[in-house]
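A.B. asks: Before anything else, here's the structure in question.
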Amino acid sequence: MPAVRSDRLEDALARIFEGGRNTRASWFALTGGETLFAEGDAADTLYLLRSGRLGVFRSDPDEDRPPQFVGVIRPGQPAGEMAMLAGTTHTADVVALRDCEVLALPREAFFEAARTEPDLMVELSRLMIQRARDRRSGGGEPSVFGFIAARPQPIRAFVERVAAAIAADGFTCQVIDQTALASAADWFSRVEDAHDFVLYVAEQDEPAWAALCARQVDRVFVVGNGLLAPPNRPMPHAGVLDAQRRTDLILLRDPRMSRPANTAVWLDAVQPGRWFQCVEGDQADADRMARVVTGSAVGIVLSGGGARAYAHIGALRALKEARVPIDFVGGSSMGAVIAAGPAMGWSQEELEARIRKAFVESDPLSDLAFPMLAMTRAHKVDRLLQEAYGETDLADLTRPFFAVSTNLTSGRIEVHRRGLMRRAIRASIAIPGLLPPIVMDGQVLVDGAVLKNLPTEVMRQMNGGPIIGIDMSETRGVDPALIEHPPSIWRMIVTGAWRRGPPIVSILMRSATLTTDADIESSRAATDILVQPMPDGLDIRDWKGFEPGVASGYHATHEVLAMLDRPVTALRRRVSISESAQPEKAVETATASLRPDMLEMLRRGARRGRKQMPRP
């Protein structure tokens, strides 16, 4: 969705760049994939996009993940204005998503010319506020998508259902097929400017149109069938989309097929950034993909916390009652175990029954051993994971899912999205000293909570929509009395408490879920809704405390949802074209969602720019 449109801003910029009075403006072209400027470059130029689209990406040098997509710059909009006005270096990479025409004006020439446009600085400030809000709300996400078939059966009906769901949410949406192949280039731009979302659809027998679609869109969905092999010929793609992991995969399956299969073969062939499993003709899946397209898909992230993580089950129950969809799900340690339920397609009732059987009735950590590598052998845990997940591959889950472990070999977090599910979960819960580590591909992996107890940043890489974090990081899980006056071994045997392990188990589990203040604050900052259940009196190793743990998560989540003034899916809702026709109202809404420190930063940047303008 475009930022707040301002004829005054566009007209003023056009006069400065193209009015004939300024001979210092220059024109140049970028081919798709070229970089306009990179993070850290000097902001000594203001750019104006004439045609094409630019993508804004931000990288984290400490994380081995693709650059995070920040937003789209469309024709008529400036690029690099915030850093130029603030006098700082650029904070992100700006890359051409397709062939672009760009005008450039040196910083000094801009300030000199701006003296003749008194409204320009005000309008630029409006734009900066809107873009800052877009980065928080998801409003800078793509609006032009390509659906390219990689199967013989037509996909048009599926795309039409997605478009209808988008329209039902109050947006305008246009589906374009190969009948537009002979249209002029400016026709595509006019259609894209006139609609909130444009969906290009190309069938498998339309290679020329599919190639054009791949070059025309902000993001591509390759649509296939898991029961069929991927095409043995190269599929249409755009290099910049591949480099920035902007190609996704959708596998449609027959309603008679209960579970996805064969996904790994397609992943190897397409190399997508994300993948989705949908049932042919299912409206709920079309609605889900519409949420993905519009940036309103909901991601759930569950933290570690031992037995206290039973609270996640109560949180999921409250979310279900509130009809909050679960479109992406992931977690760390025991949070990953609970998150696997929705990803597997289990109902709430089945999830609760399985967790009861595996943890309440089985005493999973009771097989104590001589502590050569850990205090338990983990045989019972391995057996329970085998019973729950069997040979399920993470790629074949009904919902996009990830589990996080800590890689002791590299010193980084390990994000599991492929491979055997039971192995990934086993790595994510391998609390150092309590469960033996797991070795995968020569890497030694332990509990994910050691480095990332609430992995919301991983979810943000996958999903631009609202994120709900259920965080158990600060709840007290170790009883001080138990540490000051530990029970005797005989008392533990008589009472049966030995099955939970000695008090050192609590210490090890709690130590594994402690993270730095800076890390936990950054993780919480990535959420739109943060729930912090407080299961008071529930020890971190009290696997029999199912009911109080579940109740604490249910009540905490219910209270947080009750405070919302809109549905969860609307928390990052974009401003539609019809809404943006009222710019003052749109800017007011944008400003209301910004923190005071962000507003002050923008105001300082605008003031600094005005001070540097040459005086007559």
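By convention in this document, the chains of the structure tokens carry letters A, B, ... by their order, each chain's residues are numbered from 1, and ligands are numbered from 1 in the order they are shown.
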Give me the residues near Ala79 of chain A as a count of residues only, where near means some atom within 9 Å (using only C-alpha atoms) and where sequence neighbours in that chain fewer than 6 positions away do not count.

C.D. replies: 7

A.B. asks: Can you tell me, as a list in words, what residues are no more than 12 Å from Arg317 of chain A when counting only C-alpha atoms, ignoring any on the same chain fewer than 6 positions away?

C.D. replies: Tyr310, Ala311, Arg323, Val324, Pro325, Ile326, Ile338, Pro342, Ser347, Gln348, Glu349, Glu350, Leu351, Glu352, Val550, Ala551, Ser552, Gly553, Tyr554, His555, Ala556, Thr557 and His558 of chain A

A.B. asks: Those same residues - N, CA, C and O atoms - I'd like them written as a CSV table (one decimal), in the first residue's frame.

C.D. replies:
chain,number,residue,atom,x,y,z
A,310,TYR,N,3.5,-25.0,30.1
A,310,TYR,CA,2.1,-25.4,30.0
A,310,TYR,C,1.2,-24.2,29.8
A,310,TYR,O,0.1,-24.3,29.2
A,311,ALA,N,1.7,-23.0,30.2
A,311,ALA,CA,0.9,-21.8,30.0
A,311,ALA,C,0.6,-21.5,28.6
A,311,ALA,O,-0.4,-20.9,28.2
A,323,ARG,N,-10.9,-16.4,18.2
A,323,ARG,CA,-10.9,-16.6,16.7
A,323,ARG,C,-9.7,-15.9,16.1
A,323,ARG,O,-9.8,-15.3,15.0
A,324,VAL,N,-8.6,-15.9,16.8
A,324,VAL,CA,-7.3,-15.4,16.2
A,324,VAL,C,-6.7,-16.5,15.4
A,324,VAL,O,-6.4,-17.6,15.9
A,325,PRO,N,-6.5,-16.3,14.1
A,325,PRO,CA,-5.9,-17.3,13.3
A,325,PRO,C,-4.4,-17.5,13.6
A,325,PRO,O,-3.7,-16.6,14.1
A,326,ILE,N,-3.9,-18.7,13.4
A,326,ILE,CA,-2.5,-19.0,13.6
A,326,ILE,C,-1.9,-19.3,12.2
A,326,ILE,O,-2.2,-20.4,11.7
A,338,ILE,N,5.3,-27.1,22.3
A,338,ILE,CA,3.9,-26.7,22.2
A,338,ILE,C,3.5,-26.2,20.8
A,338,ILE,O,2.5,-26.5,20.3
A,342,PRO,N,-0.1,-26.9,16.7
A,342,PRO,CA,-0.7,-26.2,15.6
A,342,PRO,C,-0.1,-26.4,14.2
A,342,PRO,O,-0.8,-26.5,13.2
A,347,SER,N,-5.8,-30.4,16.7
A,347,SER,CA,-6.8,-29.6,17.3
A,347,SER,C,-6.4,-29.2,18.7
A,347,SER,O,-5.4,-29.8,19.3
A,348,GLN,N,-7.0,-28.3,19.4
A,348,GLN,CA,-6.7,-27.9,20.7
A,348,GLN,C,-6.8,-29.1,21.7
A,348,GLN,O,-6.0,-29.3,22.5
A,349,GLU,N,-7.9,-29.8,21.5
A,349,GLU,CA,-8.1,-31.0,22.3
A,349,GLU,C,-7.0,-32.1,22.1
A,349,GLU,O,-6.5,-32.6,23.1
A,350,GLU,N,-6.6,-32.3,20.9
A,350,GLU,CA,-5.6,-33.3,20.6
A,350,GLU,C,-4.2,-32.8,21.2
A,350,GLU,O,-3.5,-33.6,21.8
A,351,LEU,N,-3.9,-31.5,21.1
A,351,LEU,CA,-2.7,-31.0,21.6
A,351,LEU,C,-2.6,-31.2,23.1
A,351,LEU,O,-1.6,-31.7,23.7
A,352,GLU,N,-3.7,-30.8,23.8
A,352,GLU,CA,-3.7,-31.0,25.3
A,352,GLU,C,-3.6,-32.5,25.7
A,352,GLU,O,-2.9,-32.8,26.6
A,550,VAL,N,-1.7,-24.2,32.6
A,550,VAL,CA,-2.6,-23.9,31.5
A,550,VAL,C,-3.5,-22.7,31.9
A,550,VAL,O,-3.8,-21.8,31.1
A,551,ALA,N,-4.1,-22.7,33.1
A,551,ALA,CA,-5.0,-21.7,33.6
A,551,ALA,C,-4.3,-20.3,33.5
A,551,ALA,O,-4.9,-19.3,33.1
A,552,SER,N,-3.0,-20.3,34.0
A,552,SER,CA,-2.3,-19.0,34.0
A,552,SER,C,-2.1,-18.4,32.6
A,552,SER,O,-2.3,-17.2,32.4
A,553,GLY,N,-1.8,-19.3,31.6
A,553,GLY,CA,-1.7,-18.8,30.2
A,553,GLY,C,-3.0,-18.3,29.6
A,553,GLY,O,-3.0,-17.3,28.9
A,554,TYR,N,-4.1,-19.1,30.0
A,554,TYR,CA,-5.4,-18.7,29.4
A,554,TYR,C,-5.8,-17.3,30.0
A,554,TYR,O,-6.2,-16.5,29.2
A,555,HIS,N,-5.7,-17.1,31.3
A,555,HIS,CA,-6.2,-15.9,31.8
A,555,HIS,C,-5.3,-14.7,31.4
A,555,HIS,O,-5.9,-13.6,31.1
A,556,ALA,N,-4.0,-14.9,31.3
A,556,ALA,CA,-3.1,-13.8,30.9
A,556,ALA,C,-3.4,-13.4,29.5
A,556,ALA,O,-3.5,-12.2,29.2
A,557,THR,N,-3.6,-14.4,28.6
A,557,THR,CA,-3.9,-14.1,27.2
A,557,THR,C,-5.3,-13.4,27.0
A,557,THR,O,-5.5,-12.5,26.3
A,558,HIS,N,-6.3,-13.9,27.8
A,558,HIS,CA,-7.6,-13.4,27.7
A,558,HIS,C,-7.6,-11.9,28.1
A,558,HIS,O,-8.3,-11.1,27.5

A.B. asks: Return the single residue from A:Ser332, A:Thr263, A:Thr392, A:Thr569 that is closest to Met421 of chain A, with distances computed using only C-alpha atoms.

C.D. replies: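 Selected residue with least distance to Met421 of chain A: A:Thr392.
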
A.B. asks: Quick one, how far is atom CA of Leu564 of chain A from atom CA of Thr527 of chain A?

C.D. replies: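 Result for atom CA of Leu564 of chain A versus atom CA of Thr527 of chain A: 14.3 Å, one decimal.
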
A.B. asks: When you draw a straight line from atom CA of Trp266 of chain A to atom CA of Ala339 of chain A, how long is it in Å?

C.D. replies: 24.3 Å

A.B. asks: Find, counting only C-alpha atoms, the residue in A:Arg50, A:Lys357, A:Arg246, A:Arg426 that gets nearest to His379 of chain A.

C.D. replies: A:Arg426

A.B. asks: Which residues are close to Ala284 of chain A, i.e. within 10 Å by only C-alpha atoms, leaving aside same-chain residues fewer than 6 positions away? Reply as a PyMOL selection string.

C.D. replies: chain A and resi 162+165+278+290

A.B. asks: Residues of segment 336-441 of chain A in strand (DSSP E) according to DSSP, as a ChimeraX atom specification?

C.D. replies: /A:401-407,412-416,438-440

A.B. asks: If I take atom CA of Arg74 of chain A and atom CA of Arg126 of chain A, how far is one from the other in Å, to one decimal?

C.D. replies: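 Going from atom CA of Arg74 of chain A over to atom CA of Arg126 of chain A covers 16.3 Å.
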
A.B. asks: Write out as a ChimeraX atom specification the residues lying within 12 Å of Arg288 of chain A, counting only C-alpha atoms and excluding same-chain residues fewer than 5 positions away.

C.D. replies: /A:161-163,165-166,250,276-279,282-283,293-299,324-328,398-400,465,569

A.B. asks: Where does segment 264-348 of chain A meet segment 214-224 of chain A within 9 Å, residue by residue, with the nearest atom pair and distance in Å to one decimal for each, counting only C-alpha atoms, listed by chain and rising number, as a Markdown table?

C.D. replies:
| residue | atom | partner | partner_atom | distance |
| --- | --- | --- | --- | --- |
| A:Trp266 | CA | A:Gly224 | CA | 8.3 |
| A:Val270 | CA | A:Val222 | CA | 8.0 |
| A:Pro272 | CA | A:Val222 | CA | 8.6 |
| A:Trp275 | CA | A:Phe221 | CA | 8.9 |

A.B. asks: Determine the nearest neighbour of Met121 of chain A from the options A:Met334, A:Leu103, A:Ala149, A:Leu13, counting only C-alpha atoms.

C.D. replies: A:Leu13
